>>> print(open('my_file02.pdb').read())   # PDB, C-alpha atoms
MODEL        1
ATOM      1  CA  MET A  15     -23.497 149.554  71.776
ATOM      2  CA  ASN A  16     -21.049 146.664  72.016
ATOM      3  CA  ASN A  17     -18.203 146.697  69.523
ATOM      4  CA  ASN A  18     -16.766 143.192  69.284
ATOM      5  CA  ASN A  19     -14.022 144.337  66.890
ATOM      6  CA  HIS A  20     -12.411 146.493  69.587
ATOM      7  CA  SER A  21      -9.476 144.855  71.322
ATOM      8  CA  GLU A  22      -7.673 146.157  74.372
ATOM      9  CA  PRO A  23      -3.972 147.026  74.195
ATOM     10  CA  LYS A  24      -1.530 144.516  75.663
ATOM     11  CA  THR A  25       0.370 146.212  78.487
ATOM     12  CA  GLU A  26       3.631 145.383  80.212
ATOM     13  CA  THR A  27       5.163 147.098  83.238
ATOM     14  CA  ILE A  28       8.716 148.248  82.540
ATOM     15  CA  ALA A  29       9.549 149.542  86.028
ATOM     16  CA  GLU A  30       7.658 150.469  89.182
ATOM     17  CA  THR A  31       8.231 152.103  92.559
ATOM     18  CA  ASP A  32       5.771 152.985  95.322
ATOM     19  CA  ASN A  33       4.613 156.180  93.577
ATOM     20  CA  PHE A  34       5.895 155.967  90.000
ATOM     21  CA  GLN A  35       5.448 153.531  87.139
ATOM     22  CA  ALA A  36       6.543 153.077  83.531
ATOM     23  CA  TRP A  37       4.745 150.726  81.168
ATOM     24  CA  MET A  38       4.299 150.026  77.499
ATOM     25  CA  ALA A  39       1.214 149.160  75.513
ATOM     26  CA  GLU A  40       0.957 147.364  72.208
ATOM     27  CA  GLU A  41      -2.006 149.076  70.624
ATOM     28  CA  PRO A  42      -4.493 147.173  68.434
ATOM     29  CA  ASP A  43      -3.157 149.049  65.376
ATOM     30  CA  GLY A  44       0.346 147.644  66.002
ATOM     31  CA  GLU A  45       1.869 150.835  67.402
ATOM     32  CA  THR A  46       3.714 150.664  70.720
ATOM     33  CA  THR A  47       3.159 153.520  73.155
ATOM     34  CA  TYR A  48       4.909 154.140  76.454
ATOM     35  CA  TYR A  49       3.557 155.672  79.645
ATOM     36  CA  LEU A  50       5.228 157.283  82.612
ATOM     37  CA  GLN A  51       3.156 157.838  85.727
ATOM     38  CA  ILE A  52       4.667 160.325  88.155
ATOM     39  CA  GLY A  53       2.330 160.640  91.115
ATOM     40  CA  ARG A  54      -1.021 161.709  89.703
ATOM     41  CA  ALA A  55       0.344 162.708  86.286
ATOM     42  CA  THR A  56       0.598 160.247  83.398
ATOM     43  CA  ILE A  57       2.700 161.193  80.384
ATOM     44  CA  ASN A  58       2.455 159.211  77.161
ATOM     45  CA  PHE A  59       5.225 158.763  74.607
ATOM     46  CA  PHE A  60       5.385 157.508  71.065
ATOM     47  CA  GLN A  61       8.431 155.441  70.067
ATOM     48  CA  GLU A  62      10.702 158.363  69.072
ATOM     49  CA  GLU A  63       9.774 160.365  72.179
ATOM     50  CA  TRP A  64      10.464 157.340  74.386
ATOM     51  CA  HIS A  65      13.966 157.042  72.910
ATOM     52  CA  GLN A  66      14.556 160.716  73.751
ATOM     53  CA  PHE A  67      13.356 160.043  77.293
ATOM     54  CA  LEU A  68      15.776 157.101  77.555
ATOM     55  CA  ASP A  69      18.615 159.477  76.628
ATOM     56  CA  LEU A  70      17.569 161.684  79.550
ATOM     57  CA  VAL A  71      17.431 158.663  81.857
ATOM     58  CA  ARG A  72      20.965 157.629  80.914
ATOM     59  CA  ASN A  73      22.222 161.047  82.065
ATOM     60  CA  ILE A  74      19.959 161.385  85.085
ATOM     61  CA  ASP A  75      22.814 161.833  87.569
ATOM     62  CA  GLU A  76      23.811 165.031  85.743
ATOM     63  CA  ILE A  77      20.482 166.733  86.529
ATOM     64  CA  LYS A  78      20.822 169.164  89.430
ATOM     65  CA  PRO A  79      18.151 170.919  91.511
ATOM     66  CA  ASP A  80      17.209 174.546  90.939
ATOM     67  CA  ASP A  81      17.572 177.361  93.498
ATOM     68  CA  GLU A  82      14.505 176.081  95.354
ATOM     69  CA  GLN A  83      15.978 172.562  95.537
ATOM     70  CA  LEU A  84      13.442 171.177  93.054
ATOM     71  CA  TYR A  85      14.328 168.888  90.180
ATOM     72  CA  ARG A  86      12.659 169.729  86.890
ATOM     73  CA  LEU A  87      11.715 167.261  84.171
ATOM     74  CA  GLU A  88      10.689 168.893  80.888
ATOM     75  CA  PHE A  89       8.423 167.102  78.446
ATOM     76  CA  ASP A  90       6.685 168.394  75.306
ATOM     77  CA  ASN A  91       3.438 169.409  76.991
ATOM     78  CA  VAL A  92       4.244 169.442  80.684
ATOM     79  CA  ASP A  93       6.997 170.164  83.184
ATOM     80  CA  VAL A  94       7.237 168.192  86.411
ATOM     81  CA  TRP A  95       9.032 169.407  89.533
ATOM     82  CA  LEU A  96      10.158 166.913  92.157
ATOM     83  CA  ASP A  97      11.478 167.493  95.651
ATOM     84  CA  GLU A  98      14.525 165.566  96.908
ATOM     85  CA  GLU A  99      12.536 162.592  98.228
ATOM     86  CA  ASP A 100      10.520 162.186  95.018
ATOM     87  CA  TRP A 101      13.655 162.723  92.946
ATOM     88  CA  ARG A 102      15.417 159.815  94.688
ATOM     89  CA  GLU A 103      12.423 157.601  93.948
ATOM     90  CA  PHE A 104      12.288 158.770  90.318
ATOM     91  CA  ARG A 105      16.008 158.042  89.917
ATOM     92  CA  ASN A 106      15.376 154.505  91.173
ATOM     93  CA  LEU A 107      12.629 154.125  88.572
ATOM     94  CA  ALA A 108      14.902 155.567  85.880
ATOM     95  CA  LYS A 109      17.666 153.104  86.705
ATOM     96  CA  GLU A 110      15.197 150.230  86.373
ATOM     97  CA  ILE A 111      13.973 151.605  83.035
ATOM     98  CA  SER A 112      17.487 151.854  81.638
ATOM     99  CA  LYS A 113      18.398 148.210  82.383
TER
ENDMDL
END
>>> encode(input="my_file02.pdb", output="structure tokens")
Amino acid sequence: MNNNNHSEPKTETIAETDNFQAWMAEEPDGETTYYLQIGRATINFFQEEWHQFLDLVRNIDEIKPDDEQLYRLEFDNVDVWLDEEDWREFRNLAKEISK
């Protein structure tokens, strides 16, 4: 069944690296959602959550690796661990996001 009243969200890339991407979508209902793709995982944020993420991004240089030399990002429903190479790439993405 074709629903002609359905409109696609308008998306805009915020920042992008070879393996990571951040973008926003203006949903048909007027709400803006944000997305962070880290490798194969995509994490979505509502406005308030995105502002919390931006606070993390502003302090990204303070995050240190654990005993196994992995960097941990904690989100509401998922934790992501990055090795040194991926962490450098994520930091580059984060710096682009925070501009």
>>> resolve_selection(input="my_file02.pdb", expression="the PyMOL selection byres ((chain A and resi 68) around 12)", output="NGL selection string")
:A and (36 or 48 or 50 or 59 or 61-67 or 69-74 or 107-113)
>>> closest_residue(input="my_file02.pdb", among="A:Pro23, A:Arg86, A:Trp95, A:Phe60", to="Glu40 (chain A)", atoms="only C-alpha atoms")
A:Pro23
>>> resolve_selection(input="my_file02.pdb", expression="the PyMOL selection byres ((chain A and resi 39) around 10)", output="list in words")
Glu22, Pro23, Lys24, Thr25, Glu26, Thr27, Trp37, Met38, Glu40, Glu41, Pro42, Gly44, Glu45, Thr46, Thr47, Tyr48 and Tyr49 of chain A
>>> atom_distance(input="my_file02.pdb", atom1="CA of Leu96 (chain A)", atom2="CA of Leu84 (chain A)")
5.5 Å
>>> atom_distance(input="my_file02.pdb", atom1="CA of Ile28 (chain A)", atom2="CA of Gly53 (chain A)")
16.4 Å
>>> atom_distance(input="my_file02.pdb", atom1="CA of Asp43 (chain A)", atom2="CA of Glu30 (chain A)")
26.2 Å
>>> closest_residue(input="my_file02.pdb", among="A:Asp81, A:Asp90, A:Asp75, A:Asp100", to="Phe34 (chain A)", atoms="all atoms listed in the file")
A:Asp100
